[in-house]
Each structure stands twice: as C-alpha cells, then as structure tokens.
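Q: Sharing target_33.txt below, compact mmCIF, C-alpha atoms and all ligand atoms:
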# COMPACT_ATOMS: atom_id res chain seq x y z
CA MET A 762 -36.92 -29.24 -1.69
CA HIS A 763 -40.50 -28.35 -2.38
CA ILE A 764 -43.39 -26.57 -0.74
CA ARG A 765 -47.03 -27.53 -0.51
CA GLN A 766 -50.05 -25.99 1.13
CA ALA A 767 -51.44 -27.92 4.10
CA THR A 768 -55.09 -29.00 4.14
CA LEU A 769 -57.46 -30.00 6.91
CA ALA A 770 -56.27 -33.59 6.49
CA ASP A 771 -52.81 -32.42 7.67
CA ALA A 772 -54.00 -31.20 11.09
CA GLU A 773 -52.36 -34.02 13.03
CA ILE A 774 -49.00 -33.77 11.30
CA LEU A 775 -49.13 -29.98 11.65
CA SER A 776 -49.76 -30.26 15.38
CA ARG A 777 -46.86 -32.70 15.67
CA ILE A 778 -44.33 -30.61 13.71
CA ALA A 779 -45.48 -27.40 15.40
CA ILE A 780 -44.93 -28.94 18.84
CA SER A 781 -41.59 -30.55 17.99
CA THR A 782 -40.06 -27.46 16.35
CA PHE A 783 -41.36 -25.10 19.04
CA THR A 784 -40.00 -27.44 21.73
CA GLU A 785 -36.58 -27.67 20.10
CA THR A 786 -36.40 -23.89 19.87
CA TRP A 787 -37.89 -22.67 23.15
CA GLU A 788 -38.25 -25.39 25.79
CA ARG A 789 -35.02 -24.48 27.56
CA TYR A 790 -36.13 -20.90 28.24
CA TYR A 791 -39.44 -21.57 30.03
CA ASN A 792 -40.59 -23.09 33.28
CA PRO A 793 -41.45 -26.74 32.36
CA GLN A 794 -45.08 -26.66 33.54
CA GLU A 795 -45.74 -23.35 31.85
CA PHE A 796 -44.12 -24.60 28.68
CA GLN A 797 -46.48 -27.58 28.54
CA LYS A 798 -49.44 -25.22 28.95
CA LEU A 799 -48.09 -22.95 26.23
CA LEU A 800 -47.76 -25.93 23.87
CA VAL A 801 -51.36 -27.03 24.47
CA GLU A 802 -52.69 -23.46 24.19
CA SER A 803 -50.80 -22.92 20.94
CA PHE A 804 -50.67 -26.20 18.99
CA ASP A 805 -53.33 -28.58 20.23
CA LEU A 806 -55.03 -30.61 17.49
CA PRO A 807 -58.36 -28.69 17.65
CA LEU A 808 -56.46 -25.42 17.27
CA MET A 809 -54.60 -26.72 14.26
CA GLN A 810 -57.85 -28.00 12.75
CA ALA A 811 -59.43 -24.60 13.30
CA ALA A 812 -56.44 -22.85 11.71
CA LEU A 813 -56.54 -25.10 8.66
CA ALA A 814 -60.29 -24.64 8.30
CA SER A 815 -60.12 -20.85 8.62
CA PRO A 816 -60.32 -18.81 5.39
CA SER A 817 -57.98 -16.20 6.90
CA THR A 818 -55.16 -18.68 7.62
CA GLU A 819 -52.78 -20.53 5.29
CA VAL A 820 -50.22 -23.15 6.24
CA TYR A 821 -47.36 -24.33 4.02
CA PHE A 822 -44.96 -27.23 4.51
CA LEU A 823 -41.33 -27.29 3.37
CA LEU A 824 -40.44 -30.84 2.32
CA GLU A 825 -37.42 -32.83 1.21
CA GLY A 826 -38.84 -35.88 -0.55
CA ASP A 827 -41.64 -37.05 1.75
CA GLU A 828 -40.10 -35.57 4.87
CA ILE A 829 -41.63 -32.39 6.28
CA LEU A 830 -38.76 -30.14 7.37
CA GLY A 831 -40.84 -27.27 8.61
CA TYR A 832 -43.91 -25.14 8.22
CA ALA A 833 -45.09 -21.57 7.87
CA LEU A 834 -48.39 -20.23 9.12
CA LEU A 835 -49.74 -17.04 7.58
CA ARG A 836 -52.87 -15.24 8.62
CA ASN A 837 -54.75 -12.15 7.67
CA SER A 838 -54.34 -9.98 10.77
CA ARG A 839 -53.11 -6.61 11.95
CA GLU A 840 -52.37 -5.11 15.30
CA PRO A 841 -51.36 -1.77 16.82
CA GLY A 842 -47.82 -0.86 15.83
CA ILE A 843 -48.19 -2.25 12.31
CA ASP A 844 -48.97 0.58 9.91
CA GLY A 845 -48.18 -0.84 6.45
CA PRO A 846 -50.85 -0.69 3.77
CA ASP A 847 -53.51 -3.34 3.14
CA PRO A 848 -53.75 -6.06 1.94
CA ILE A 849 -51.72 -7.37 4.85
CA MET A 850 -50.59 -10.78 6.14
CA GLU A 851 -48.87 -11.89 9.32
CA LEU A 852 -46.15 -14.52 9.11
CA GLN A 853 -47.19 -15.93 12.45
CA ARG A 854 -44.90 -18.98 12.41
CA LEU A 855 -41.81 -19.99 10.44
CA TYR A 856 -40.29 -23.10 11.94
CA LEU A 857 -37.85 -25.70 10.63
CA ALA A 858 -36.66 -28.82 12.43
CA LYS A 859 -33.34 -28.18 14.15
CA SER A 860 -31.60 -30.77 11.95
CA ALA A 861 -32.56 -28.64 8.93
CA HIS A 862 -31.20 -25.31 10.22
CA GLY A 863 -28.29 -23.39 8.78
CA GLY A 864 -28.27 -24.77 5.23
CA GLY A 865 -30.22 -22.07 3.42
CA ARG A 866 -33.59 -23.80 3.74
CA GLY A 867 -35.16 -21.00 5.81
CA GLN A 868 -34.07 -18.50 3.16
CA TYR A 869 -35.50 -20.67 0.38
CA PHE A 870 -38.82 -21.03 2.20
CA LEU A 871 -39.07 -17.33 3.06
CA THR A 872 -38.22 -16.28 -0.50
CA TRP A 873 -41.01 -18.51 -1.81
CA LEU A 874 -43.51 -17.20 0.75
CA LEU A 875 -42.72 -13.55 0.07
CA GLU A 876 -42.79 -13.98 -3.70
CA THR A 877 -46.12 -15.79 -3.45
CA LEU A 878 -47.67 -13.09 -1.27
CA LYS A 879 -46.30 -10.28 -3.43
CA SER A 880 -47.60 -11.85 -6.62
CA ARG A 881 -51.05 -12.00 -5.03
CA GLY A 882 -51.02 -8.28 -4.37
CA ILE A 883 -50.24 -8.38 -0.64
CA ARG A 884 -48.49 -5.11 0.27
CA THR A 885 -47.48 -5.64 3.90
CA VAL A 886 -46.12 -8.68 5.72
CA TRP A 887 -45.45 -8.47 9.44
CA LEU A 888 -44.34 -10.70 12.28
CA GLY A 889 -43.29 -10.78 15.91
CA VAL A 890 -39.80 -12.04 16.77
CA TRP A 891 -38.14 -12.45 20.16
CA GLN A 892 -35.33 -9.95 20.57
CA GLY A 893 -32.85 -12.73 21.40
CA ASN A 894 -33.62 -14.71 18.25
CA VAL A 895 -30.53 -13.58 16.39
CA ARG A 896 -30.82 -16.11 13.56
CA ALA A 897 -34.43 -15.26 12.73
CA LYS A 898 -33.84 -11.51 13.00
CA GLY A 899 -30.86 -11.83 10.64
CA LEU A 900 -33.00 -13.72 8.14
CA TYR A 901 -35.86 -11.21 8.28
CA GLU A 902 -33.61 -8.15 8.06
CA LYS A 903 -31.77 -9.63 5.08
CA ASN A 904 -35.13 -9.99 3.36
CA GLY A 905 -36.25 -6.41 3.83
CA PHE A 906 -38.16 -6.56 7.11
CA ARG A 907 -37.67 -3.57 9.40
CA ASP A 908 -38.06 -3.34 13.17
CA THR A 909 -41.06 -1.05 13.77
CA GLY A 910 -39.85 -0.23 17.29
CA ASN A 911 -43.11 -1.65 18.64
CA THR A 912 -43.66 -4.84 20.62
CA HIS A 913 -46.38 -7.22 21.71
CA LEU A 914 -46.71 -9.77 24.49
CA PHE A 915 -46.21 -13.23 22.93
CA SER A 916 -47.46 -15.18 25.94
CA ASN A 917 -48.36 -14.62 29.57
CA TYR A 918 -45.46 -16.82 30.64
CA LYS A 919 -41.88 -15.80 31.41
CA LEU A 920 -38.89 -16.33 29.15
CA GLY A 921 -36.31 -16.88 31.88
CA ASP A 922 -36.55 -13.77 34.04
CA TYR A 923 -38.14 -11.70 31.32
CA ASP A 924 -41.64 -11.04 30.03
CA ASP A 925 -42.33 -12.93 26.81
CA ILE A 926 -42.21 -9.93 24.49
CA ASP A 927 -41.72 -9.93 20.71
CA GLN A 928 -40.39 -7.14 18.52
CA LEU A 929 -42.72 -6.30 15.63
CA TYR A 930 -41.13 -6.34 12.18
CA GLN A 931 -42.81 -5.36 8.96
CA LEU A 932 -42.00 -5.52 5.26
CA VAL A 933 -43.80 -3.17 2.87
CA PHE A 934 -43.27 -4.41 -0.68
CA ASP A 935 -43.81 -0.99 -2.34
CA GLU A 936 -41.08 0.55 -0.22
CA THR A 937 -38.48 -2.13 -0.93
CA THR A 938 -39.12 -2.15 -4.66
CA ALA A 939 -39.42 1.66 -5.06
C1 LIG B 1001 -35.19 -19.07 11.61
C2 LIG B 1001 -35.08 -20.23 10.62
C3 LIG B 1001 -36.37 -20.42 9.87
C4 LIG B 1001 -33.95 -19.86 9.61
O1 LIG B 1001 -33.78 -20.94 8.72
P1 LIG B 1001 -32.31 -21.54 8.44
O2 LIG B 1001 -32.46 -22.56 7.37
O3 LIG B 1001 -31.72 -21.97 9.73
O4 LIG B 1001 -31.53 -20.24 7.93
P2 LIG B 1001 -30.67 -20.15 6.59
O5 LIG B 1001 -29.59 -21.18 6.61
O6 LIG B 1001 -31.58 -20.12 5.42
O7 LIG B 1001 -30.01 -18.73 6.80
C5 LIG B 1001 -30.65 -17.58 6.27
C6 LIG B 1001 -30.15 -16.35 6.97
O8 LIG B 1001 -30.50 -16.39 8.35
C7 LIG B 1001 -29.54 -15.65 9.06
N1 LIG B 1001 -28.83 -16.56 9.95
C8 LIG B 1001 -28.76 -17.91 9.87
N2 LIG B 1001 -28.03 -18.38 10.90
C9 LIG B 1001 -27.67 -17.32 11.64
C10 LIG B 1001 -26.93 -17.15 12.83
N3 LIG B 1001 -26.41 -18.20 13.50
N4 LIG B 1001 -26.75 -15.90 13.31
C11 LIG B 1001 -27.27 -14.84 12.66
N5 LIG B 1001 -27.99 -14.92 11.53
C12 LIG B 1001 -28.16 -16.14 11.02
C13 LIG B 1001 -28.56 -15.09 8.06
O9 LIG B 1001 -29.04 -13.85 7.60
C14 LIG B 1001 -28.67 -16.14 6.98
O10 LIG B 1001 -28.23 -15.70 5.77
P3 LIG B 1001 -26.66 -15.99 5.34
O11 LIG B 1001 -26.47 -17.47 5.46
O12 LIG B 1001 -26.59 -15.46 3.94
O13 LIG B 1001 -25.84 -15.22 6.33
C15 LIG B 1001 -34.69 -21.57 11.33
O14 LIG B 1001 -33.40 -21.44 11.91
C16 LIG B 1001 -35.67 -21.98 12.41
O15 LIG B 1001 -36.65 -22.65 12.12
N6 LIG B 1001 -35.38 -21.60 13.68
C17 LIG B 1001 -36.19 -22.02 14.81
C18 LIG B 1001 -37.56 -21.39 14.79
C19 LIG B 1001 -37.53 -19.90 14.77
O16 LIG B 1001 -36.77 -19.26 15.50
N7 LIG B 1001 -38.42 -19.34 13.94
C20 LIG B 1001 -38.59 -17.92 13.84
C21 LIG B 1001 -39.59 -17.48 14.86
S1 LIG B 1001 -39.91 -15.75 14.67
How does the structure come out when it is put into structure tokens?
Ligand SMILES: CC(C)(COP(=O)(O)OP(=O)(O)OC[C@H]1O[C@@H](n2cnc3c(N)ncnc32)[C@H](O)[C@@H]1OP(=O)(O)O)[C@@H](O)C(=O)NCCC(=O)NCCS

A:
Amino acid sequence: MHIRQATLADAEILSRIAISTFTETWERYYNPQEFQKLLVESFDLPLMQAALASPSTEVYFLLEGDEILGYALLRNSREPGIDGPDPIMELQRLYLAKSAHGGGRGQYFLTWLLETLKSRGIRTVWLGVWQGNVRAKGLYEKNGFRDTGNTHLFSNYKLGDYDDIDQLYQLVFDETTA
C-alpha cells in the first residue's frame, strides 16, 4: 500500500472515486432523487477541480499497486464548536472502497495522515461524523479524536426520518502527547 497526493490532473478520477465510495456508504439511507442531487452538489467534476486547485485543500489517494482504494480530503477550515488551537485542519472526507474495508487499511491511511499533519506543525484536526457510523467513530476514537458534544448539519436532505446531522470530533495533538 502507498499514498500519494492528488493533483489537478486527478480531478476526474477523484470525482469518480468520491461518488462511488459515497454511494456505497450512504445511498441506502436517502431518498433516491435527493441522493442524486447530493452527489452532484458534493462531487461534481468542477467541484473536484476547484478543490484540487485550492491552496487550502489537499487530497491524498491510498493505493495498492495502481489501484486507488480510497481518498482523504483535508482542508484548512474551522467552525463553531471546534475550539482546538491553530494551525488547524479538517479531515473532511476519508473514504475507502467497500471491498477494501475491515483489513486495517483505514487505520494505515489515518495514521499516515495524522503523522504528516503533526510533523508539519498542525495542532488540531477535526471532522464531522454521522452518529450511526459506528466503524468510523471507532476508528477516530481509537486514534485520539474526542466528541466535542457539538454538531453541524451535513446536508439539507434527510437521512431516513432524521435530519442529516454530524457529530463534531476533534484531536488536539498537544493534549494527546502531553
Ligand atoms: C471508515 C473507514 C475509513 C475505516 O477503514 P477500514 O479499513 O474499514 O478500518 P480498519 O480495518 O482500518 O479498522 C480500524 C478501526 O476501525 C474501527 N472499526 C472497524 N470496523 C469496525 C466495526 N465494524 N465496528 C466498530 N469499529 C470498527 C476499529 O476501531 C478498528 O480498529 P480494530 O480493528 O483494531 O478494532 C472505512 O470503513 C470507510 O471508508 N468507510 C466508508 C466511508 C466512511 O464511513 N468514512 C468516514 C466518514 S466520517
């Protein structure tokens, strides 16, 4: 397994893997029409091009040989409910193909991402995670992220009968290494 940073030339493949992994994970929870809108609003090619061109966003691919197993999207952002010290990064997306789940690859990828950010002097990493996403929450908690008790609205669509709300988790490196 190896990791490489995506460039603007990867916009199409990023859009494709973002759509396929998001679909595998979430399609069953949403109304089909709304889900299609959410996909376009989130992962359309122009959006992926803009993300890759933005100086405040970084995308990494996890690969096995030539095959892209998943991706992570990091961006320099903060929102209410996140109070860790600057410099700060959001782990906005961490997605692996379903066929790659459960074999330690997510842990490998996250370890690499956190070590990379820490070595660059980043002090806070935060993310939003759906309360029912037991696997992701387990992974984040095992790696030192803590539930801040705050939430944000992930989308304006419904997840089943519920509003699409994420719990906000943050990891402050100084605290975990103190
Ligand atoms: C979340 C994701 C990245 C984890 O990667 P993975 O390769 O499946 O996970 P790993 O095999 O590396 O497991 C790492 C840890 O995750 C947690 N975990 C994994 N499967 C779990 C499960 N079924 N239940 C609870 N925790 C689980 C455990 O803490 C596990 O550590 P352990 O094996 O020592 O117990 C991956 O499953 C994924 O892409 N899921 C779909 C997209 C997604 O939900 N992304 C997160 C959005 S916030």

Q: When you count only C-alpha atoms and all ligand atoms, which of these residues is closest to ligand LIG 1001 (chain B): A:Gln797, A:Gln931, A:Ser781, A:Thr786?

A: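 Closest residue, counting only C-alpha atoms and all ligand atoms: A:Thr786.
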
Q: What residues of the protein or nucleic acid chains come within 7 Å of ligand LIG 1001 (chain B) when you use only C-alpha atoms and all ligand atoms? Reply as a PyMOL selection string.

A: chain A and resi 782-783+786+854-859+861-869+889-891+894-900+903

Q: Do you know which residues lie at most 12 Å from (-60.0, -28.7, 9.1), with coordinates as in the file and all atoms listed in the file counted, and could you write them as a PDB file with C-alpha atoms, in the coordinates of the input?

A:
ATOM      1  CA  ALA A 767     -51.440 -27.920   4.100  1.00  0.00           C
ATOM      2  CA  THR A 768     -55.090 -29.000   4.140  1.00  0.00           C
ATOM      3  CA  LEU A 769     -57.460 -30.000   6.910  1.00  0.00           C
ATOM      4  CA  ALA A 770     -56.270 -33.590   6.490  1.00  0.00           C
ATOM      5  CA  ASP A 771     -52.810 -32.420   7.670  1.00  0.00           C
ATOM      6  CA  ALA A 772     -54.000 -31.200  11.090  1.00  0.00           C
ATOM      7  CA  GLU A 773     -52.360 -34.020  13.030  1.00  0.00           C
ATOM      8  CA  LEU A 775     -49.130 -29.980  11.650  1.00  0.00           C
ATOM      9  CA  LEU A 806     -55.030 -30.610  17.490  1.00  0.00           C
ATOM     10  CA  PRO A 807     -58.360 -28.690  17.650  1.00  0.00           C
ATOM     11  CA  LEU A 808     -56.460 -25.420  17.270  1.00  0.00           C
ATOM     12  CA  MET A 809     -54.600 -26.720  14.260  1.00  0.00           C
ATOM     13  CA  GLN A 810     -57.850 -28.000  12.750  1.00  0.00           C
ATOM     14  CA  ALA A 811     -59.430 -24.600  13.300  1.00  0.00           C
ATOM     15  CA  ALA A 812     -56.440 -22.850  11.710  1.00  0.00           C
ATOM     16  CA  LEU A 813     -56.540 -25.100   8.660  1.00  0.00           C
ATOM     17  CA  ALA A 814     -60.290 -24.640   8.300  1.00  0.00           C
ATOM     18  CA  SER A 815     -60.120 -20.850   8.620  1.00  0.00           C
ATOM     19  CA  PRO A 816     -60.320 -18.810   5.390  1.00  0.00           C
ATOM     20  CA  THR A 818     -55.160 -18.680   7.620  1.00  0.00           C
ATOM     21  CA  GLU A 819     -52.780 -20.530   5.290  1.00  0.00           C
ATOM     22  CA  VAL A 820     -50.220 -23.150   6.240  1.00  0.00           C
TER      23      VAL A 820
END

Q: Identify which of the residues A:Phe870, A:Arg884, A:Asp827, A:Ile780 lies closest to A:Glu802, counting only C-alpha atoms when measuring atom-to-atom distances.

A: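 Closest candidate: A:Ile780.
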
Q: At a cut-off of 8 Å, using only C-alpha atoms, what residues contact A:Leu823? Leave out same-chain residues fewer than 5 positions from it and give the result as a PyMOL selection string.

A: chain A and resi 762-765+829-832+870

Q: Find, counting all atoms listed in the file, the residue in A:Glu936, A:Asp927, A:Glu828, A:Glu876 that gets nearest to A:Gly893.

A: A:Asp927

Q: Separation of atom CA of A:Leu874 and atom CA of A:Glu851, in Å?

A: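 It comes out at 11.4 Å.
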
Q: Between A:Ala833, A:Ala779, A:Leu824, A:Ile926, single out the one closest to A:Val801, counting only C-alpha atoms.

A: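 Counting only C-alpha atoms, the residue closest to A:Val801 is A:Ala779.
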
Q: Rounded to one decimal, what separation in Å do you get between atom CA of A:Ser776 and atom CA of A:Ser916?

A: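 Atom-to-atom, atom CA of A:Ser776 to atom CA of A:Ser916, that is 18.6 Å.
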
Q: Quick one: pull the distance between atom CA of A:Asn911 and atom CA of A:Gln928, Å, one decimal.

A: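 Going from atom CA of A:Asn911 over to atom CA of A:Gln928, I get 6.1 Å.
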
Q: Give me stretch 799-813 of chain A with N, CA and C atoms filled in, as a PDB file, keeping the file's coordinate frame.

A:
ATOM      1  N   LEU A 799     -48.246 -23.762  27.439  1.00  0.00           N
ATOM      2  CA  LEU A 799     -48.090 -22.950  26.230  1.00  0.00           C
ATOM      3  C   LEU A 799     -48.222 -23.816  24.970  1.00  0.00           C
ATOM      4  N   LEU A 800     -47.650 -25.022  25.023  1.00  0.00           N
ATOM      5  CA  LEU A 800     -47.760 -25.930  23.870  1.00  0.00           C
ATOM      6  C   LEU A 800     -49.226 -26.275  23.587  1.00  0.00           C
ATOM      7  N   VAL A 801     -49.952 -26.628  24.645  1.00  0.00           N
ATOM      8  CA  VAL A 801     -51.360 -27.030  24.470  1.00  0.00           C
ATOM      9  C   VAL A 801     -52.176 -25.832  23.973  1.00  0.00           C
ATOM     10  N   GLU A 802     -51.925 -24.660  24.579  1.00  0.00           N
ATOM     11  CA  GLU A 802     -52.690 -23.460  24.190  1.00  0.00           C
ATOM     12  C   GLU A 802     -52.381 -23.017  22.760  1.00  0.00           C
ATOM     13  N   SER A 803     -51.220 -23.426  22.244  1.00  0.00           N
ATOM     14  CA  SER A 803     -50.800 -22.920  20.940  1.00  0.00           C
ATOM     15  C   SER A 803     -50.997 -23.928  19.800  1.00  0.00           C
ATOM     16  N   PHE A 804     -50.800 -25.236  20.095  1.00  0.00           N
ATOM     17  CA  PHE A 804     -50.670 -26.200  18.990  1.00  0.00           C
ATOM     18  C   PHE A 804     -51.511 -27.461  19.130  1.00  0.00           C
ATOM     19  N   ASP A 805     -52.447 -27.440  20.049  1.00  0.00           N
ATOM     20  CA  ASP A 805     -53.330 -28.580  20.230  1.00  0.00           C
ATOM     21  C   ASP A 805     -54.042 -28.920  18.919  1.00  0.00           C
ATOM     22  N   LEU A 806     -54.395 -30.191  18.745  1.00  0.00           N
ATOM     23  CA  LEU A 806     -55.030 -30.610  17.490  1.00  0.00           C
ATOM     24  C   LEU A 806     -56.263 -29.768  17.116  1.00  0.00           C
ATOM     25  N   PRO A 807     -57.199 -29.507  18.037  1.00  0.00           N
ATOM     26  CA  PRO A 807     -58.360 -28.690  17.650  1.00  0.00           C
ATOM     27  C   PRO A 807     -57.972 -27.295  17.148  1.00  0.00           C
ATOM     28  N   LEU A 808     -56.912 -26.741  17.734  1.00  0.00           N
ATOM     29  CA  LEU A 808     -56.460 -25.420  17.270  1.00  0.00           C
ATOM     30  C   LEU A 808     -55.908 -25.498  15.857  1.00  0.00           C
ATOM     31  N   MET A 809     -55.175 -26.557  15.593  1.00  0.00           N
ATOM     32  CA  MET A 809     -54.600 -26.720  14.260  1.00  0.00           C
ATOM     33  C   MET A 809     -55.699 -27.001  13.229  1.00  0.00           C
ATOM     34  N   GLN A 810     -56.706 -27.756  13.655  1.00  0.00           N
ATOM     35  CA  GLN A 810     -57.850 -28.000  12.750  1.00  0.00           C
ATOM     36  C   GLN A 810     -58.566 -26.690  12.441  1.00  0.00           C
ATOM     37  N   ALA A 811     -58.745 -25.885  13.491  1.00  0.00           N
ATOM     38  CA  ALA A 811     -59.430 -24.600  13.300  1.00  0.00           C
ATOM     39  C   ALA A 811     -58.618 -23.691  12.369  1.00  0.00           C
ATOM     40  N   ALA A 812     -57.294 -23.695  12.558  1.00  0.00           N
ATOM     41  CA  ALA A 812     -56.440 -22.850  11.710  1.00  0.00           C
ATOM     42  C   ALA A 812     -56.548 -23.283  10.249  1.00  0.00           C
ATOM     43  N   LEU A 813     -56.498 -24.601  10.035  1.00  0.00           N
ATOM     44  CA  LEU A 813     -56.540 -25.100   8.660  1.00  0.00           C
ATOM     45  C   LEU A 813     -57.909 -24.898   8.018  1.00  0.00           C
TER      46      LEU A 813
END
